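Shown next, in structure tokens, is the structure this report addresses.
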Amino acid sequence: MSNDIAAVAIDQLTEAQAKEELARLAHEIGEHDRSYHQDDAPTISDAEYDALRQRNQKIEALFPKLVRKDSPSVRVGAAVASGFAKVRHAVPMLSLGNAFDDDDVQEFFARIRRFLGLGEDEQIDVVAEPKIDGLSISLRYENGEFALAATRGDGQEGENVTANVATMQEISNTIAAAVPDVLEVRGEVYLGHTAFRSINEQRAQDGEATFANPRNAAAGSLRQLDSTITAQRPLQMFAYAWGELGEPVAETQWEFLQSLKRWGFPVNPLAEICTSPEDAIAYHKKISELRADLDYDIDGLVYKVNRLDWQQRLGFVSRAPRWAIAHKFPAEKAQTVLNEITIQVGRTGALTPVANLTPITVGGVVVSRATLHNADEIERKDIREGDTVIIQRAGDVIPQVVEVLSDKRPDDSKPFTFPDHCPECGSVAIREPDEAVIRCTGGLICPAQKLERLKHFVSRQAFDIDGLGGKHIDAFQAEGLVNTPGDIFRLHERHETLRQREGWGDKSVDNLIASIEQRRTIPLERFIYALGIRQVGQATGRQLALHYGSLNAWVSAMQQATNERQSNPDEQKKPELVGDAFSALCDIDGIGVSMADDIVQFIGEPQNLEVIEDLAVSLNVEDAAQPDTGSAEIAGKTVVFTGSLETISRAEAKATAEALGAKVTGSVSKKTDYVVVGADPGSKATKAKDLGIPVLSEDEWQKLIGA
Ligand code: IVH
């Protein structure tokens, strides 16, 4: 019967026949996708395949009510109405540490050996594969059915791009093999060079701006609000990692890659196992020679420890795994003219000199500005306006001036004089002792600092408000709509004014207000990071959130620490002499006196406290979820390891204790809860006994943590 229907002209189909035909087409096209992508063995010609898809689409156009949930054209349809919904990753999407030369690679292997306490003769296998210069993506399958695709975002939360990813030919709707009920496959989406060129040719013909490089083109294509446009861009993917998994699927990274292939995911054919640093370095050389012939951009290699039990033990530091590293290719260089040095004022008042260059293409990207870091750097390299310079650009790093070609220097050139006043607000600019940075002392009276702080506040890792980027902040501030962070959450009261703005319709205003509303609830760690305190990045934001738990607790502890510091401003070495709150702050992993000082200085400025209080009224700042610490026994306790541990390395002991919620410190004090001693303990064990602190053997420690 189906076959008969297949022959019926589309405009002759009854509704019942159309329904049946759509079911058949969904099934048949799905089968062809599978044989093409999983088995690399298409059974029909491209033209026949296209005809099937076209027939499907036309029937759907005639019977829109009948469009199936698993329709092949859902892969090319379903425009998202506005923006992308946010998706919280069940397992964070991580970044990677970098190795720039052979020594860094040797050190990566050595570090793993030390951490795991492996003997010199124990072989460490790593899976090595190209690092694709694309966008990371997480694909979620539930019971073998494609359920969700999300971008990396800040690693914790990305954007829902399911409709767009569904248009990708390489991604199946259904996995035919038996897979865990929840399967998150991660990888990199990219555009091949050939596709990139033809997209740009088309854009140039249509008078549209061309993309600077394949990565930008891929990003632009994936983050399209209209997925029919995405569908016209032949995005591809390499799968290489996993997120949430219903059950374990492999014991090694390599086995995992083989499973991915079996399930039909594209896996990079250049992946190999390397058995030593030398082996990895040789592989790096081989791939760098091959690089120019690849049809896609790569910016280095990635090495991942093959044994998953080792990966598990190695764990993470901050956002990067200890068990993986990116081995970058050397930076690309180019020669150009430095026309002018301008000074940029950052959100913390830092004056950064910027080289304004005659635009030049470096590694596929047009570069017109490069950072000059600070006054010392300009002086050391004697960089002057009018100089011909060599610039370099590596990956996502801001381009740098590496060298001045002094024989090309104009005769009338003069050394650059760094300003001693802020070019934006005229306040005195000072350089603190031991600091390379010269800072504007204007604080929030400096319009540039104020603006940069607002931009930081809405940036991707901070409040990340859809439709409210740096450009909007520029305009809104100039128009007096937004002056402080709190004003953003009062924008709805100004909706009449917004609606009258040029180029803004009701829809864009409604969308903006809706996305601001979405962000009225915000995790504490993001809130702290968004404030833009000097030195407080995302990792510190998280540490502070975890430690203090709630906004109120954090603010009142910081006020106390501020009072303590104000009455004892000079103590540099012993925070405990400053006071309990200050000392507790310095004790948090990764925070020392210098960072604590920046935090208390921030809290000590009344305007900053006003900003926080103003926000607290209109926001719901979520308490930090405490990590699953399993054994409550040592959570929150302070532990010191001393002597040489025999069953586990010091680094692994520390990491395990921290993962269970303990704090590991280097010296014994009355605040220490346990001292764990290995062989030949020294004075720390004695001091512990004197203070009456429990001293544990390695065995006792293992029992305590339930290992
Ligand atoms: S592994 C936990 N493998 O590089 C390990 N990443 O700089 C997660 N990337 O965010 C990453 N190719 O987007 C891995 N073969 C590859 C990769 C790769 C590209 C990207 C990925 C990651 C970024 C880190």
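Going through the structure tokens in order, the chains are called A, B, and so on, while each chain numbers its residues from 1 and the ligands are numbered from 1 in the order shown.
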Practice task
Would you kindly return, as a PyMOL selection string, each protein, DNA or RNA residue with an atom no farther than 12 Å from any atom of Val365 of chain A, considering only C-alpha atoms and excluding same-chain residues fewer than 5 positions away?
Solution key: chain A and resi 210-216+332-334+359-360+392-396+398-399
Next, dump the selected residues to file, keeping only N, CA, C and O atoms, as a short mmCIF file (atom, residue, chain, number, x, y, z; two decimals), in the first residue's frame.
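Ended up saving to selection_8.cif:
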```cif
data_model
loop_
_atom_site.label_atom_id
_atom_site.label_comp_id
_atom_site.auth_asym_id
_atom_site.auth_seq_id
_atom_site.Cartn_x
_atom_site.Cartn_y
_atom_site.Cartn_z
N THR A 210 31.10 39.58 4.53
CA THR A 210 31.62 38.21 4.54
C THR A 210 32.15 37.86 5.93
O THR A 210 32.42 38.75 6.73
N PHE A 211 32.26 36.55 6.21
CA PHE A 211 32.80 36.11 7.49
C PHE A 211 34.32 36.14 7.45
O PHE A 211 34.94 35.82 6.43
N ALA A 212 34.94 36.50 8.59
CA ALA A 212 36.39 36.62 8.64
C ALA A 212 37.08 35.26 8.56
O ALA A 212 38.17 35.13 8.01
N ASN A 213 36.46 34.24 9.11
CA ASN A 213 37.09 32.91 9.11
C ASN A 213 36.02 31.84 9.32
O ASN A 213 34.88 32.16 9.68
N PRO A 214 36.38 30.57 9.09
CA PRO A 214 35.38 29.51 9.18
C PRO A 214 34.73 29.43 10.57
O PRO A 214 33.56 29.12 10.69
N ARG A 215 35.51 29.71 11.60
CA ARG A 215 34.96 29.64 12.95
C ARG A 215 33.82 30.64 13.14
O ARG A 215 32.75 30.30 13.65
N ASN A 216 34.05 31.87 12.70
CA ASN A 216 32.99 32.88 12.80
C ASN A 216 31.78 32.48 11.97
O ASN A 216 30.64 32.70 12.37
N GLU A 332 50.77 32.69 14.78
CA GLU A 332 51.06 33.20 13.45
C GLU A 332 51.47 34.67 13.54
O GLU A 332 50.96 35.41 14.36
N LYS A 333 52.41 35.05 12.70
CA LYS A 333 52.95 36.41 12.78
C LYS A 333 52.72 37.18 11.49
O LYS A 333 52.54 36.59 10.44
N ALA A 334 52.77 38.50 11.59
CA ALA A 334 52.66 39.35 10.39
C ALA A 334 53.28 40.70 10.68
O ALA A 334 53.45 41.08 11.84
N PRO A 359 45.34 47.69 9.28
CA PRO A 359 44.76 46.35 9.34
C PRO A 359 45.54 45.33 8.51
O PRO A 359 46.00 45.64 7.41
N ILE A 360 45.66 44.13 9.06
CA ILE A 360 46.42 43.09 8.38
C ILE A 360 45.80 41.73 8.74
O ILE A 360 45.28 41.57 9.83
N GLN A 392 51.75 39.12 16.55
CA GLN A 392 51.40 37.70 16.49
C GLN A 392 50.06 37.46 17.13
O GLN A 392 49.61 38.21 17.99
N ARG A 393 49.44 36.40 16.66
CA ARG A 393 48.12 36.06 17.15
C ARG A 393 48.07 34.55 17.32
O ARG A 393 48.38 33.82 16.39
N ALA A 394 47.75 34.10 18.54
CA ALA A 394 47.63 32.66 18.78
C ALA A 394 46.22 32.37 19.27
O ALA A 394 45.81 32.88 20.30
N GLY A 395 45.50 31.58 18.51
CA GLY A 395 44.15 31.17 18.93
C GLY A 395 43.31 32.37 19.31
O GLY A 395 43.23 33.35 18.59
N ASP A 396 42.68 32.26 20.50
CA ASP A 396 41.75 33.31 20.92
C ASP A 396 42.48 34.44 21.65
O ASP A 396 41.86 35.38 22.11
N ILE A 398 44.49 37.73 22.57
CA ILE A 398 44.53 39.06 21.96
C ILE A 398 45.87 39.23 21.23
O ILE A 398 46.91 38.88 21.78
N PRO A 399 45.86 39.77 20.02
CA PRO A 399 47.12 39.94 19.29
C PRO A 399 48.13 40.79 20.07
O PRO A 399 47.74 41.71 20.80
#
```
Exercise for the section: May I have the residues within 7 Å of ligand 1, computed using only C-alpha atoms and all ligand atoms, as number ranges by chain? Expected result: A: 93-96, 129-136, 187-188, 240-241, 301-302, 320-321, 324, 326
Handout entry: Those of segment 167-271 of chain A in DSSP alpha helix (DSSP H), formatted as a PyMOL selection string
Key = chain A and resi 193-205+214-222+227-231+253-262
Using only C-alpha atoms, determine which residues lie at most 8 Å from Ser644 of chain A, disregarding the query and same-chain residues fewer than 4 positions distant; provide the list as a PDB file with N, CA, C and O atoms, in the first residue's frame.
```
ATOM      1  N   ARG A 650      50.709  13.596  47.455  1.00  0.00           N
ATOM      2  CA  ARG A 650      50.218  14.731  48.225  1.00  0.00           C
ATOM      3  C   ARG A 650      49.128  15.475  47.448  1.00  0.00           C
ATOM      4  O   ARG A 650      48.090  15.853  47.967  1.00  0.00           O
ATOM      5  N   VAL A 677      49.629  12.170  58.813  1.00  0.00           N
ATOM      6  CA  VAL A 677      51.086  12.054  58.702  1.00  0.00           C
ATOM      7  C   VAL A 677      51.499  10.843  57.886  1.00  0.00           C
ATOM      8  O   VAL A 677      50.940   9.763  58.005  1.00  0.00           O
ATOM      9  N   GLY A 678      52.467  11.039  57.027  1.00  0.00           N
ATOM     10  CA  GLY A 678      53.098   9.952  56.299  1.00  0.00           C
ATOM     11  C   GLY A 678      54.401   9.599  57.014  1.00  0.00           C
ATOM     12  O   GLY A 678      54.551   9.874  58.206  1.00  0.00           O
ATOM     13  N   ALA A 679      55.338   9.065  56.240  1.00  0.00           N
ATOM     14  CA  ALA A 679      56.620   8.701  56.835  1.00  0.00           C
ATOM     15  C   ALA A 679      57.413   9.966  57.190  1.00  0.00           C
ATOM     16  O   ALA A 679      57.219  11.006  56.552  1.00  0.00           O
ATOM     17  N   ASP A 680      58.264   9.870  58.163  1.00  0.00           N
ATOM     18  CA  ASP A 680      59.146  10.959  58.598  1.00  0.00           C
ATOM     19  C   ASP A 680      58.433  12.288  58.814  1.00  0.00           C
ATOM     20  O   ASP A 680      58.809  13.302  58.218  1.00  0.00           O
ATOM     21  N   PRO A 681      57.388  12.293  59.641  1.00  0.00           N
ATOM     22  CA  PRO A 681      56.723  13.579  59.867  1.00  0.00           C
ATOM     23  C   PRO A 681      57.660  14.511  60.627  1.00  0.00           C
ATOM     24  O   PRO A 681      58.482  14.055  61.414  1.00  0.00           O
TER      25      PRO A 681
END
```
Practice task
Within 9 Å of Val437 of chain A, counting only C-alpha atoms, which residues show up once you throw out same-chain ones fewer than 3 positions away? Write them as a PyMOL selection string, please.
Solution key: chain A and resi 350-352+373-376+430-432
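Considering the residues A:Glu496, A:Gly349, A:Ile516, A:Ala655 and counting only C-alpha atoms, Thr441 of chain A has its shortest atom-to-atom contact with A:Gly349.
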Practice task
From the DSSP assignment of the backbone, select every residue of segment 40-144 of chain A that is strand (DSSP E), and format the answer as a ChimeraX atom specification.
Solution key: /A:86-88,97-99,126-132,135-142
Practice task
Show which residues sit within 12 Å of segment 568-578 of chain A, as a ChimeraX atom specification. Count only C-alpha atoms, and ignore same-chain residues fewer than 5 positions away.
Solution key: /A:560-563,583-588,591-597,600-601,669-671
Could the residues in this selection be written to a file with N, CA, C and O atoms, as a compact mmCIF listing (two decimals), in the first residue's frame?
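Saved result, again-v5.txt, follows:
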```txt
# COMPACT_ATOMS: atom_id res chain seq x y z
N GLN A 560 32.60 42.96 57.70
CA GLN A 560 33.41 42.75 58.91
C GLN A 560 34.90 42.74 58.56
O GLN A 560 35.71 43.39 59.20
N ALA A 561 35.23 42.00 57.48
CA ALA A 561 36.63 41.93 57.05
C ALA A 561 37.15 43.33 56.70
O ALA A 561 38.30 43.68 56.97
N THR A 562 36.27 44.14 56.10
CA THR A 562 36.66 45.50 55.72
C THR A 562 36.97 46.33 56.97
O THR A 562 38.00 47.02 57.03
N ASN A 563 36.10 46.23 57.97
CA ASN A 563 36.35 46.97 59.22
C ASN A 563 37.68 46.54 59.83
O ASN A 563 38.48 47.37 60.26
N SER A 583 40.95 36.97 58.00
CA SER A 583 41.77 35.77 57.95
C SER A 583 41.00 34.62 57.28
O SER A 583 41.55 33.87 56.46
N ALA A 584 39.70 34.49 57.61
CA ALA A 584 38.89 33.44 56.98
C ALA A 584 38.83 33.65 55.46
O ALA A 584 38.90 32.70 54.68
N LEU A 585 38.75 34.90 55.06
CA LEU A 585 38.70 35.22 53.63
C LEU A 585 40.01 34.80 52.95
O LEU A 585 40.01 34.17 51.89
N CYS A 586 41.13 35.12 53.59
CA CYS A 586 42.44 34.77 53.00
C CYS A 586 42.66 33.27 52.96
O CYS A 586 43.45 32.78 52.16
N ASP A 587 41.98 32.55 53.86
CA ASP A 587 42.16 31.09 53.93
C ASP A 587 41.46 30.34 52.81
O ASP A 587 41.73 29.17 52.58
N ILE A 588 40.54 31.01 52.12
CA ILE A 588 39.82 30.31 51.05
C ILE A 588 40.80 29.98 49.93
O ILE A 588 41.65 30.80 49.58
N ILE A 591 42.58 32.40 47.35
CA ILE A 591 42.50 33.82 47.74
C ILE A 591 43.64 34.10 48.71
O ILE A 591 43.80 33.41 49.70
N GLY A 592 44.41 35.08 48.43
CA GLY A 592 45.49 35.46 49.35
C GLY A 592 45.25 36.86 49.85
O GLY A 592 44.18 37.44 49.60
N VAL A 593 46.25 37.45 50.50
CA VAL A 593 46.09 38.78 51.07
C VAL A 593 45.79 39.82 49.98
O VAL A 593 44.92 40.68 50.13
N SER A 594 46.51 39.68 48.85
CA SER A 594 46.34 40.70 47.81
C SER A 594 44.90 40.71 47.27
O SER A 594 44.29 41.76 47.10
N MET A 595 44.35 39.53 47.02
CA MET A 595 42.98 39.48 46.50
C MET A 595 41.99 39.91 47.58
O MET A 595 41.03 40.65 47.30
N ALA A 596 42.25 39.46 48.81
CA ALA A 596 41.36 39.84 49.91
C ALA A 596 41.34 41.37 50.03
O ALA A 596 40.29 41.98 50.26
N ASP A 597 42.51 41.98 49.86
CA ASP A 597 42.57 43.44 49.94
C ASP A 597 41.72 44.09 48.85
O ASP A 597 41.05 45.09 49.09
N VAL A 600 38.07 43.77 50.02
CA VAL A 600 37.64 44.67 51.10
C VAL A 600 37.68 46.14 50.63
O VAL A 600 36.87 46.94 51.06
N GLN A 601 38.59 46.42 49.73
CA GLN A 601 38.63 47.78 49.21
C GLN A 601 37.34 48.09 48.43
O GLN A 601 36.78 49.17 48.55
N SER A 669 47.46 25.03 62.91
CA SER A 669 47.10 26.08 63.86
C SER A 669 45.96 25.53 64.72
O SER A 669 45.52 24.40 64.50
N LYS A 670 45.47 26.36 65.63
CA LYS A 670 44.40 25.82 66.48
C LYS A 670 43.12 25.59 65.68
O LYS A 670 42.21 24.93 66.15
N LYS A 671 43.07 26.11 64.45
CA LYS A 671 41.88 25.88 63.62
C LYS A 671 41.95 24.56 62.84
O LYS A 671 41.00 24.18 62.17
```
